[in-house]
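> Let me give you the structure first, and then I'll get to my questions.
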Amino acid sequence: MHMGDRKLQILKLVIDDFISTAQPVGSRTIAKKYTLGVSSATIRNEMADLEELGYLEQPHTSAGRVPSDLGYRLYVDSLMKEGILAGEQMQVIRSLLVNRIIEVEDVIHQATQLLSDMTHMTSFISLPLFKKSKLSNMKLVKINESKVLLILVSDSGVVKSIHLGLRDVEQSILDNISDGLLHRLEGGTIEDINVKKISSVKMEYPEFSSVIDYLIPILRDTLRDIDDVELSLEGAKTIFDLPEFHDVSKAKAFLQAIENKDLLYGVIRDIDQDGITVKIGSEIGIDEFKDCSVVGATYHFNEDNIGRIGVLGPTRMDYGKIVSVVDYIRKTLTDIFSGIYL
(Lines give C-alpha, C1' and ligand atoms only; values in the text may rest on other atoms or scores of the structure.)
Protein backbone atom coordinates (compact mmCIF):
# COMPACT_ATOMS: atom_id res chain seq x y z
CA MET A 1 0.00 0.00 0.00
CA HIS A 2 1.39 3.39 -1.01
CA MET A 3 2.38 5.74 1.85
CA GLY A 4 1.45 9.07 0.24
CA ASP A 5 1.86 12.58 1.58
CA ARG A 6 -1.72 12.73 2.86
CA LYS A 7 -1.31 9.59 4.93
CA LEU A 8 1.92 10.98 6.39
CA GLN A 9 0.21 14.28 7.21
CA ILE A 10 -2.71 12.53 8.89
CA LEU A 11 -0.36 10.26 10.85
CA LYS A 12 1.55 13.30 12.11
CA LEU A 13 -1.67 15.05 13.15
CA VAL A 14 -2.96 11.95 14.94
CA ILE A 15 0.29 11.58 16.88
CA ASP A 16 0.51 15.29 17.69
CA ASP A 17 -3.06 15.23 19.00
CA PHE A 18 -2.57 12.05 21.02
CA ILE A 19 0.63 13.41 22.60
CA SER A 20 -1.30 16.53 23.60
CA THR A 21 -4.52 14.95 24.87
CA ALA A 22 -3.67 11.33 25.77
CA GLN A 23 -7.03 10.42 24.20
CA PRO A 24 -7.58 8.13 21.18
CA VAL A 25 -8.01 10.22 18.06
CA GLY A 26 -10.94 9.83 15.66
CA SER A 27 -11.35 11.06 12.09
CA ARG A 28 -13.95 13.67 13.13
CA THR A 29 -11.45 15.16 15.57
CA ILE A 30 -8.86 15.55 12.83
CA ALA A 31 -11.43 16.99 10.42
CA LYS A 32 -12.65 19.58 12.98
CA LYS A 33 -9.26 20.66 14.32
CA TYR A 34 -7.28 20.80 11.10
CA THR A 35 -7.98 22.07 7.60
CA LEU A 36 -7.08 19.24 5.26
CA GLY A 37 -9.53 19.93 2.47
CA VAL A 38 -10.97 16.41 2.60
CA SER A 39 -14.01 14.86 4.25
CA SER A 40 -14.13 13.05 7.56
CA ALA A 41 -14.88 9.84 5.61
CA THR A 42 -11.69 10.23 3.58
CA ILE A 43 -9.67 10.80 6.77
CA ARG A 44 -11.32 7.73 8.31
CA ASN A 45 -10.30 5.63 5.30
CA GLU A 46 -6.72 6.93 5.46
CA MET A 47 -6.56 6.14 9.18
CA ALA A 48 -7.87 2.62 8.49
CA ASP A 49 -5.07 2.20 5.94
CA LEU A 50 -2.52 3.46 8.47
CA GLU A 51 -3.83 0.90 10.95
CA GLU A 52 -3.50 -1.83 8.36
CA LEU A 53 0.08 -0.73 7.70
CA GLY A 54 0.83 -0.99 11.43
CA TYR A 55 1.29 2.71 12.21
CA LEU A 56 -1.92 3.13 14.20
CA GLU A 57 -3.80 0.92 16.62
CA GLN A 58 -7.42 0.91 17.78
CA PRO A 59 -7.61 0.09 21.50
CA HIS A 60 -11.41 -0.44 21.31
CA THR A 61 -13.67 -0.91 18.31
CA SER A 62 -15.74 2.15 19.19
CA ALA A 63 -12.78 4.34 20.05
CA GLY A 64 -10.40 6.39 17.94
CA ARG A 65 -6.88 5.33 17.14
CA VAL A 66 -3.54 5.69 18.90
CA PRO A 67 0.00 5.48 17.52
CA SER A 68 1.85 2.16 17.53
CA ASP A 69 5.58 1.91 18.26
CA LEU A 70 6.09 1.75 14.48
CA GLY A 71 4.06 4.94 14.09
CA TYR A 72 6.14 6.73 16.71
CA ARG A 73 9.31 5.51 14.98
CA LEU A 74 8.26 7.04 11.66
CA TYR A 75 7.17 10.20 13.47
CA VAL A 76 10.52 10.64 15.24
CA ASP A 77 12.58 9.83 12.17
CA SER A 78 10.68 11.84 9.56
CA LEU A 79 7.64 13.79 10.71
CA MET A 80 8.18 15.63 13.97
CA LYS A 81 9.57 19.12 14.26
CA GLU A 82 12.32 19.42 16.83
CA GLY A 83 11.47 21.99 19.46
CA ILE A 84 13.40 25.24 19.60
CA LEU A 85 14.43 26.35 23.06
CA ALA A 86 13.63 29.96 23.84
CA GLY A 87 16.55 32.22 24.70
CA GLU A 88 15.22 32.47 28.25
CA GLN A 89 15.27 28.69 28.62
CA MET A 90 18.84 28.47 27.33
CA GLN A 91 19.86 31.22 29.74
CA VAL A 92 18.27 29.34 32.66
CA ILE A 93 20.22 26.18 31.78
CA ARG A 94 23.50 28.06 31.39
CA SER A 95 23.13 30.09 34.57
CA LEU A 96 22.12 27.17 36.76
CA LEU A 97 24.90 24.89 35.49
CA VAL A 98 27.77 27.26 34.73
CA ASN A 99 27.49 29.59 37.71
CA ARG A 100 27.27 26.81 40.29
CA ILE A 101 30.35 24.78 39.42
CA ILE A 102 31.79 23.37 42.64
CA GLU A 103 32.04 19.63 42.11
CA VAL A 104 31.28 17.47 39.10
CA GLU A 105 28.58 15.72 41.11
CA ASP A 106 26.91 19.07 41.82
CA VAL A 107 26.82 19.95 38.12
CA ILE A 108 25.39 16.54 37.17
CA HIS A 109 22.73 16.59 39.89
CA GLN A 110 21.70 20.13 38.90
CA ALA A 111 21.55 19.11 35.23
CA THR A 112 19.39 16.08 36.07
CA GLN A 113 16.96 18.24 38.05
CA LEU A 114 16.79 20.74 35.19
CA LEU A 115 16.13 17.96 32.70
CA SER A 116 13.27 16.60 34.77
CA ASP A 117 11.77 20.03 35.45
CA MET A 118 11.82 21.00 31.76
CA THR A 119 10.53 17.70 30.35
CA HIS A 120 8.25 16.61 33.23
CA MET A 121 9.68 13.11 32.83
CA THR A 122 11.96 10.79 34.77
CA SER A 123 15.51 11.91 33.97
CA PHE A 124 18.90 10.46 34.77
CA ILE A 125 22.53 11.25 34.01
CA SER A 126 25.57 9.07 34.64
CA LEU A 127 28.68 10.58 36.18
CA PRO A 128 31.97 10.28 34.28
CA LEU A 129 33.26 6.72 34.64
CA PHE A 130 35.61 6.60 37.61
CA LYS A 131 37.90 3.94 36.14
CA LYS A 132 38.47 5.99 32.99
CA SER A 133 39.25 9.13 34.97
CA LYS A 134 42.80 10.09 35.87
CA LEU A 135 44.02 9.93 39.45
CA SER A 136 44.59 13.45 40.74
CA ASN A 137 45.00 12.80 44.47
CA MET A 138 45.00 10.03 47.04
CA LYS A 139 45.41 9.84 50.78
CA LEU A 140 45.66 7.16 53.46
CA VAL A 141 44.11 8.43 56.70
CA LYS A 142 44.28 6.65 60.04
CA ILE A 143 40.83 6.34 61.60
CA ASN A 144 41.76 4.35 64.70
CA GLU A 145 44.25 1.69 65.75
CA SER A 146 42.78 -0.90 63.38
CA LYS A 147 41.22 1.07 60.53
CA VAL A 148 42.57 3.23 57.72
CA LEU A 149 40.59 5.19 55.12
CA LEU A 150 41.85 5.26 51.55
CA ILE A 151 40.62 8.33 49.66
CA LEU A 152 40.93 8.44 45.86
CA VAL A 153 40.15 11.60 43.88
CA SER A 154 39.81 11.57 40.10
CA ASP A 155 40.32 14.46 37.71
CA SER A 156 36.58 14.34 37.08
CA GLY A 157 36.07 15.38 40.69
CA VAL A 158 34.62 12.02 41.78
CA VAL A 159 35.80 10.92 45.22
CA LYS A 160 35.94 7.31 46.39
CA SER A 161 36.63 6.33 49.98
CA ILE A 162 37.51 2.78 50.96
CA HIS A 163 37.85 1.40 54.50
CA LEU A 164 40.89 -0.80 55.08
CA GLY A 165 41.78 -3.01 58.01
CA LEU A 166 45.31 -1.99 58.97
CA ARG A 167 46.71 -2.18 62.51
CA ASP A 168 49.28 -0.14 64.37
CA VAL A 169 50.47 2.11 61.55
CA GLU A 170 51.42 5.71 62.26
CA GLN A 171 49.90 8.50 60.20
CA SER A 172 53.39 9.71 59.24
CA ILE A 173 54.06 6.33 57.57
CA LEU A 174 50.71 6.47 55.79
CA ASP A 175 51.57 10.00 54.58
CA ASN A 176 54.86 8.80 53.10
CA ILE A 177 53.21 5.85 51.37
CA SER A 178 50.40 8.10 50.06
CA ASP A 179 52.93 10.55 48.64
CA GLY A 180 54.94 7.75 47.04
CA LEU A 181 51.89 6.14 45.48
CA LEU A 182 50.57 9.45 44.19
CA HIS A 183 53.94 10.30 42.66
CA ARG A 184 53.99 6.99 40.80
CA LEU A 185 50.30 6.87 39.83
CA GLU A 186 49.23 10.49 39.32
CA GLY A 187 48.14 11.34 35.78
CA GLY A 188 47.35 7.77 34.76
CA THR A 189 43.82 6.44 34.50
CA ILE A 190 42.39 4.56 37.46
CA GLU A 191 41.91 1.42 35.37
CA ASP A 192 45.63 1.41 34.43
CA ILE A 193 46.80 1.17 38.04
CA ASN A 194 48.32 -2.27 38.46
CA VAL A 195 50.36 -4.31 40.93
CA LYS A 196 53.65 -3.42 39.23
CA LYS A 197 53.06 0.31 39.63
CA ILE A 198 52.02 -0.06 43.27
CA SER A 199 54.95 -2.36 44.04
CA SER A 200 57.44 0.14 42.64
CA VAL A 201 56.84 2.33 45.69
CA LYS A 202 58.74 -0.25 47.78
CA MET A 203 61.95 0.84 46.05
CA GLU A 204 61.43 4.34 47.41
CA TYR A 205 60.34 3.26 50.89
CA PRO A 206 61.91 -0.14 51.59
CA GLU A 207 61.37 0.34 55.33
CA PHE A 208 57.61 0.24 54.74
CA SER A 209 57.64 -2.81 52.48
CA SER A 210 55.50 -4.92 54.80
CA VAL A 211 52.72 -2.33 54.85
CA ILE A 212 52.94 -1.86 51.08
CA ASP A 213 52.83 -5.63 50.53
CA TYR A 214 49.67 -5.70 52.58
CA LEU A 215 48.14 -2.85 50.58
CA ILE A 216 48.95 -4.27 47.13
CA PRO A 217 46.23 -6.97 46.91
CA ILE A 218 43.70 -4.73 48.65
CA LEU A 219 44.27 -1.87 46.23
CA ARG A 220 44.28 -4.23 43.26
CA ASP A 221 40.99 -5.89 44.21
CA THR A 222 39.35 -2.63 45.27
CA LEU A 223 40.18 -0.83 42.02
CA ARG A 224 39.09 -3.83 39.97
CA ASP A 225 35.75 -4.22 41.74
CA ILE A 226 34.94 -0.56 42.25
CA ASP A 227 31.37 0.32 41.26
CA ASP A 228 31.81 2.25 38.05
CA VAL A 229 28.27 3.35 37.23
CA GLU A 230 26.83 6.19 39.26
CA LEU A 231 23.53 7.70 38.25
CA SER A 232 21.82 10.92 39.24
CA LEU A 233 18.05 10.34 39.06
CA GLU A 234 15.26 12.90 39.29
CA GLY A 235 11.55 13.04 38.53
CA ALA A 236 10.59 9.47 39.42
CA LYS A 237 7.27 10.64 40.86
CA THR A 238 6.34 12.61 37.75
CA ILE A 239 4.80 9.40 36.37
CA PHE A 240 1.86 9.87 38.73
CA ASP A 241 0.84 12.91 36.67
CA LEU A 242 0.68 10.82 33.48
CA PRO A 243 -2.52 8.96 32.54
CA GLU A 244 -0.45 5.98 31.37
CA PHE A 245 0.51 5.32 34.99
CA HIS A 246 -2.81 5.89 36.74
CA ASP A 247 -2.88 2.10 37.13
CA VAL A 248 -1.21 1.68 40.53
CA SER A 249 0.34 -1.69 39.69
CA LYS A 250 1.89 -0.28 36.50
CA ALA A 251 3.27 2.74 38.35
CA LYS A 252 4.70 0.51 41.07
CA ALA A 253 6.41 -1.74 38.51
CA PHE A 254 7.97 1.32 36.83
CA LEU A 255 9.26 2.70 40.14
CA GLN A 256 10.73 -0.67 41.09
CA ALA A 257 12.45 -0.93 37.70
CA ILE A 258 14.14 2.47 37.88
CA GLU A 259 15.41 1.67 41.37
CA ASN A 260 17.55 -1.03 39.75
CA LYS A 261 20.61 0.98 38.73
CA ASP A 262 21.97 -1.65 36.35
CA LEU A 263 18.59 -2.02 34.67
CA LEU A 264 18.20 1.74 34.32
CA TYR A 265 21.72 2.22 32.97
CA GLY A 266 21.02 -0.54 30.46
CA VAL A 267 18.47 1.78 28.85
CA ILE A 268 21.24 4.16 27.71
CA ARG A 269 24.36 1.97 27.80
CA ASP A 270 24.62 1.50 24.04
CA ILE A 271 23.31 4.81 22.74
CA ASP A 272 25.21 6.62 20.00
CA GLN A 273 28.13 8.72 21.18
CA ASP A 274 27.23 11.50 18.78
CA GLY A 275 23.81 13.08 18.40
CA ILE A 276 20.54 12.01 19.97
CA THR A 277 19.19 8.46 20.25
CA VAL A 278 15.46 7.77 20.56
CA LYS A 279 14.35 4.24 21.49
CA ILE A 280 10.66 3.43 21.41
CA GLY A 281 8.94 0.59 23.27
CA SER A 282 10.49 -2.77 22.45
CA GLU A 283 13.53 -1.04 20.89
CA ILE A 284 14.79 -0.41 24.43
CA GLY A 285 15.26 -4.17 24.75
CA ILE A 286 14.24 -4.32 28.42
CA ASP A 287 10.88 -5.89 29.20
CA GLU A 288 10.24 -3.64 32.21
CA PHE A 289 10.28 -0.62 29.88
CA LYS A 290 8.46 -2.10 26.88
CA ASP A 291 5.73 0.56 27.15
CA CYS A 292 8.22 3.42 27.46
CA SER A 293 10.46 5.50 25.26
CA VAL A 294 13.86 6.97 26.06
CA VAL A 295 15.61 9.98 24.59
CA GLY A 296 19.32 9.52 25.21
CA ALA A 297 22.57 11.32 24.50
CA THR A 298 26.18 11.47 25.67
CA TYR A 299 28.30 14.28 27.01
CA HIS A 300 32.09 14.24 26.99
CA PHE A 301 34.29 14.78 30.00
CA ASN A 302 37.51 14.12 28.14
CA GLU A 303 38.55 12.25 25.03
CA ASP A 304 38.06 8.79 26.56
CA ASN A 305 35.47 9.44 29.24
CA ILE A 306 31.82 10.04 28.48
CA GLY A 307 28.67 10.28 30.54
CA ARG A 308 25.17 9.38 29.42
CA ILE A 309 21.89 11.25 29.62
CA GLY A 310 18.42 9.74 29.52
CA VAL A 311 14.81 10.94 29.67
CA LEU A 312 12.43 8.04 30.24
CA GLY A 313 8.66 8.11 29.99
CA PRO A 314 5.64 6.69 28.18
CA THR A 315 5.76 6.34 24.40
CA ARG A 316 3.30 9.25 24.35
CA MET A 317 5.93 11.90 25.02
CA ASP A 318 6.65 15.24 23.37
CA TYR A 319 9.64 13.98 21.39
CA GLY A 320 10.42 17.27 19.65
CA LYS A 321 10.62 19.24 22.89
CA ILE A 322 12.51 16.57 24.81
CA VAL A 323 15.09 16.07 22.04
CA SER A 324 15.84 19.81 22.03
CA VAL A 325 16.25 19.98 25.82
CA VAL A 326 18.47 16.88 25.98
CA ASP A 327 20.59 18.17 23.10
CA TYR A 328 21.19 21.56 24.70
CA ILE A 329 22.02 20.12 28.11
CA ARG A 330 24.46 17.57 26.67
CA LYS A 331 26.24 20.30 24.73
CA THR A 332 26.37 22.55 27.79
CA LEU A 333 27.84 19.78 29.97
CA THR A 334 30.48 18.99 27.35
CA ASP A 335 31.40 22.68 27.13
CA ILE A 336 31.66 22.97 30.92
CA PHE A 337 33.91 19.94 31.26
CA SER A 338 36.08 20.99 28.32
CA GLY A 339 36.73 24.31 30.05
CA ILE A 340 34.78 26.58 27.72
CA TYR A 341 32.80 28.10 30.59
CA LEU A 342 35.56 27.93 33.20
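Please note that chains go A, B, ... in the order of the C-alpha coordinates, that every chain numbers its residues from 1, and that ligands are numbered from 1 in the order shown.
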Please report, as CSV, each residue of stretch 146-214 of chain A lying at most 12 Å from stretch 284-303 of chain A, together with the nearest pair of atoms and the separation in Å rounded to one decimal; use only C-alpha atoms, and order rows by chain and ascending residue number.


residue,atom,partner,partner_atom,distance
A:Ser154,CA,A:Phe301,CA,11.9
A:Asp155,CA,A:Phe301,CA,9.8
A:Ser156,CA,A:Phe301,CA,7.4
A:Gly157,CA,A:Phe301,CA,10.9
A:Thr189,CA,A:Asn302,CA,11.8

> Which residues of stretch 207-236 of chain A come within 7 Å of stretch 191-203 of chain A, and what is each one's closest atom pair and distance in Å (one decimal), counting only C-alpha atoms, sorted by chain and residue number, as a Markdown table?


| residue | atom | partner | partner_atom | distance |
| --- | --- | --- | --- | --- |
| A:Ser209 | CA | A:Lys202 | CA | 5.5 |
| A:Ile212 | CA | A:Lys202 | CA | 6.9 |
| A:Ile216 | CA | A:Val195 | CA | 6.4 |
| A:Arg220 | CA | A:Val195 | CA | 6.5 |

> Could you find all residues in stretch 58-179 of chain A that DSSP calls strand (DSSP E) from the backbone, and write them as a PDB file with N, CA and C atoms, in the first residue's frame?


ATOM      1  N   VAL A  66      -4.733   5.202  18.210  1.00  0.00           N
ATOM      2  CA  VAL A  66      -3.535   5.688  18.896  1.00  0.00           C
ATOM      3  C   VAL A  66      -2.317   5.223  18.099  1.00  0.00           C
ATOM      4  N   PRO A  67      -1.189   5.896  18.258  1.00  0.00           N
ATOM      5  CA  PRO A  67      -0.004   5.480  17.518  1.00  0.00           C
ATOM      6  C   PRO A  67       0.549   4.149  18.034  1.00  0.00           C
ATOM      7  N   THR A 122      10.881  11.366  33.992  1.00  0.00           N
ATOM      8  CA  THR A 122      11.964  10.795  34.773  1.00  0.00           C
ATOM      9  C   THR A 122      13.266  10.980  34.001  1.00  0.00           C
ATOM     10  N   SER A 123      14.246  11.593  34.634  1.00  0.00           N
ATOM     11  CA  SER A 123      15.506  11.912  33.965  1.00  0.00           C
ATOM     12  C   SER A 123      16.678  11.374  34.776  1.00  0.00           C
ATOM     13  N   PHE A 124      17.722  10.966  34.075  1.00  0.00           N
ATOM     14  CA  PHE A 124      18.897  10.455  34.770  1.00  0.00           C
ATOM     15  C   PHE A 124      20.137  10.717  33.941  1.00  0.00           C
ATOM     16  N   ILE A 125      21.248  10.968  34.648  1.00  0.00           N
ATOM     17  CA  ILE A 125      22.535  11.249  34.009  1.00  0.00           C
ATOM     18  C   ILE A 125      23.605  10.462  34.758  1.00  0.00           C
ATOM     19  N   SER A 126      24.470   9.797  34.014  1.00  0.00           N
ATOM     20  CA  SER A 126      25.572   9.075  34.642  1.00  0.00           C
ATOM     21  C   SER A 126      26.758  10.012  34.835  1.00  0.00           C
ATOM     22  N   LEU A 135      43.835   9.725  38.010  1.00  0.00           N
ATOM     23  CA  LEU A 135      44.020   9.927  39.447  1.00  0.00           C
ATOM     24  C   LEU A 135      44.667  11.286  39.670  1.00  0.00           C
ATOM     25  N   SER A 136      44.019  12.131  40.465  1.00  0.00           N
ATOM     26  CA  SER A 136      44.587  13.452  40.743  1.00  0.00           C
ATOM     27  C   SER A 136      45.066  13.581  42.188  1.00  0.00           C
ATOM     28  N   ASN A 137      44.534  12.743  43.076  1.00  0.00           N
ATOM     29  CA  ASN A 137      44.997  12.795  44.469  1.00  0.00           C
ATOM     30  C   ASN A 137      44.604  11.511  45.177  1.00  0.00           C
ATOM     31  N   MET A 138      45.348  11.180  46.196  1.00  0.00           N
ATOM     32  CA  MET A 138      45.001  10.032  47.038  1.00  0.00           C
ATOM     33  C   MET A 138      45.592  10.244  48.420  1.00  0.00           C
ATOM     34  N   LYS A 139      44.966   9.651  49.404  1.00  0.00           N
ATOM     35  CA  LYS A 139      45.411   9.840  50.780  1.00  0.00           C
ATOM     36  C   LYS A 139      45.021   8.626  51.614  1.00  0.00           C
ATOM     37  N   LEU A 140      45.936   8.182  52.459  1.00  0.00           N
ATOM     38  CA  LEU A 140      45.657   7.157  53.459  1.00  0.00           C
ATOM     39  C   LEU A 140      45.532   7.857  54.805  1.00  0.00           C
ATOM     40  N   VAL A 141      44.378   7.714  55.444  1.00  0.00           N
ATOM     41  CA  VAL A 141      44.105   8.435  56.698  1.00  0.00           C
ATOM     42  C   VAL A 141      43.795   7.431  57.799  1.00  0.00           C
ATOM     43  N   LYS A 142      44.503   7.546  58.894  1.00  0.00           N
ATOM     44  CA  LYS A 142      44.279   6.654  60.042  1.00  0.00           C
ATOM     45  C   LYS A 142      42.998   7.058  60.764  1.00  0.00           C
ATOM     46  N   LYS A 147      41.876   0.719  61.786  1.00  0.00           N
ATOM     47  CA  LYS A 147      41.219   1.066  60.526  1.00  0.00           C
ATOM     48  C   LYS A 147      41.902   2.259  59.859  1.00  0.00           C
ATOM     49  N   VAL A 148      41.993   2.163  58.530  1.00  0.00           N
ATOM     50  CA  VAL A 148      42.565   3.230  57.720  1.00  0.00           C
ATOM     51  C   VAL A 148      41.598   3.523  56.574  1.00  0.00           C
ATOM     52  N   LEU A 149      41.458   4.791  56.227  1.00  0.00           N
ATOM     53  CA  LEU A 149      40.589   5.186  55.124  1.00  0.00           C
ATOM     54  C   LEU A 149      41.449   5.571  53.923  1.00  0.00           C
ATOM     55  N   LEU A 150      41.191   4.919  52.798  1.00  0.00           N
ATOM     56  CA  LEU A 150      41.854   5.264  51.545  1.00  0.00           C
ATOM     57  C   LEU A 150      40.925   6.178  50.748  1.00  0.00           C
ATOM     58  N   ILE A 151      41.408   7.361  50.414  1.00  0.00           N
ATOM     59  CA  ILE A 151      40.623   8.327  49.657  1.00  0.00           C
ATOM     60  C   ILE A 151      41.256   8.499  48.283  1.00  0.00           C
ATOM     61  N   LEU A 152      40.472   8.274  47.227  1.00  0.00           N
ATOM     62  CA  LEU A 152      40.934   8.439  45.855  1.00  0.00           C
ATOM     63  C   LEU A 152      40.134   9.562  45.208  1.00  0.00           C
ATOM     64  N   VAL A 153      40.811  10.481  44.553  1.00  0.00           N
ATOM     65  CA  VAL A 153      40.151  11.602  43.885  1.00  0.00           C
ATOM     66  C   VAL A 153      40.544  11.582  42.412  1.00  0.00           C
ATOM     67  N   SER A 154      39.546  11.583  41.538  1.00  0.00           N
ATOM     68  CA  SER A 154      39.814  11.566  40.101  1.00  0.00           C
ATOM     69  C   SER A 154      39.797  12.985  39.544  1.00  0.00           C
ATOM     70  N   VAL A 159      35.014  11.366  44.073  1.00  0.00           N
ATOM     71  CA  VAL A 159      35.799  10.920  45.222  1.00  0.00           C
ATOM     72  C   VAL A 159      35.312   9.551  45.660  1.00  0.00           C
ATOM     73  N   LYS A 160      36.258   8.635  45.864  1.00  0.00           N
ATOM     74  CA  LYS A 160      35.943   7.310  46.389  1.00  0.00           C
ATOM     75  C   LYS A 160      36.682   7.122  47.703  1.00  0.00           C
ATOM     76  N   SER A 161      35.988   6.624  48.690  1.00  0.00           N
ATOM     77  CA  SER A 161      36.632   6.330  49.976  1.00  0.00           C
ATOM     78  C   SER A 161      36.439   4.858  50.303  1.00  0.00           C
ATOM     79  N   ILE A 162      37.520   4.226  50.726  1.00  0.00           N
ATOM     80  CA  ILE A 162      37.513   2.784  50.961  1.00  0.00           C
ATOM     81  C   ILE A 162      38.099   2.511  52.340  1.00  0.00           C
ATOM     82  N   HIS A 163      37.374   1.762  53.163  1.00  0.00           N
ATOM     83  CA  HIS A 163      37.853   1.404  54.495  1.00  0.00           C
ATOM     84  C   HIS A 163      38.765   0.183  54.417  1.00  0.00           C
ATOM     85  N   LEU A 164      39.920   0.286  55.067  1.00  0.00           N
ATOM     86  CA  LEU A 164      40.893  -0.802  55.077  1.00  0.00           C
ATOM     87  C   LEU A 164      41.161  -1.228  56.519  1.00  0.00           C
ATOM     88  N   GLY A 165      41.370  -2.514  56.705  1.00  0.00           N
ATOM     89  CA  GLY A 165      41.783  -3.013  58.013  1.00  0.00           C
ATOM     90  C   GLY A 165      43.301  -3.012  58.093  1.00  0.00           C
TER      91      GLY A 165
END

> Closest to A:Ile173 among A:Leu223, A:Tyr205, A:Gly64, A:Gly188, using only C-alpha atoms?

A:Tyr205

> For a quick check of understanding, using only C-alpha atoms, which of A:Pro243, A:Gly235, A:Pro24, A:Pro206 has the smallest distance to A:Pro59?

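Closest to A:Pro59 of all the choices is A:Pro24.
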
> Can you tell me which residues surround A:Asp327 at a distance of at most 8 Å, considering only C-alpha atoms, apart from same-chain residues fewer than 3 positions away, and format the answer as a list in words?

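The neighbour list is Gly275, Ile276, Ala297, Val323, Ser324, Arg330 and Lys331 of chain A.
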
> Residues at most 9 Å from A:Ala236, counting only C-alpha atoms, excluding those fewer than 3 positions away in the same chain, as an MDAnalysis selection string?

chainID A and resid 116 121:123 233 239:240 254:255 258

> Taking N, CA and C atoms for each residue, export the selection above as a short mmCIF file (atom, residue, chain, number, x, y, z; two decimals), in the first residue's frame.


data_model
loop_
_atom_site.label_atom_id
_atom_site.label_comp_id
_atom_site.auth_asym_id
_atom_site.auth_seq_id
_atom_site.Cartn_x
_atom_site.Cartn_y
_atom_site.Cartn_z
N SER A 116 14.57 17.07 34.32
CA SER A 116 13.27 16.60 34.77
C SER A 116 12.26 17.73 34.84
N MET A 121 9.47 14.56 32.96
CA MET A 121 9.68 13.11 32.83
C MET A 121 10.77 12.67 33.80
N THR A 122 10.88 11.37 33.99
CA THR A 122 11.96 10.79 34.77
C THR A 122 13.27 10.98 34.00
N SER A 123 14.25 11.59 34.63
CA SER A 123 15.51 11.91 33.97
C SER A 123 16.68 11.37 34.78
N LEU A 233 19.43 10.60 39.50
CA LEU A 233 18.05 10.34 39.06
C LEU A 233 17.11 11.37 39.66
N ILE A 239 5.67 10.36 37.08
CA ILE A 239 4.80 9.40 36.37
C ILE A 239 3.38 9.43 36.90
N PHE A 240 3.20 9.85 38.17
CA PHE A 240 1.86 9.87 38.73
C PHE A 240 0.98 10.93 38.09
N PHE A 254 7.04 0.35 37.41
CA PHE A 254 7.97 1.32 36.83
C PHE A 254 8.94 1.82 37.89
N LEU A 255 8.42 2.18 39.07
CA LEU A 255 9.26 2.70 40.14
C LEU A 255 10.27 1.65 40.61
N ILE A 258 13.14 1.40 37.92
CA ILE A 258 14.14 2.47 37.88
C ILE A 258 15.00 2.49 39.14
#
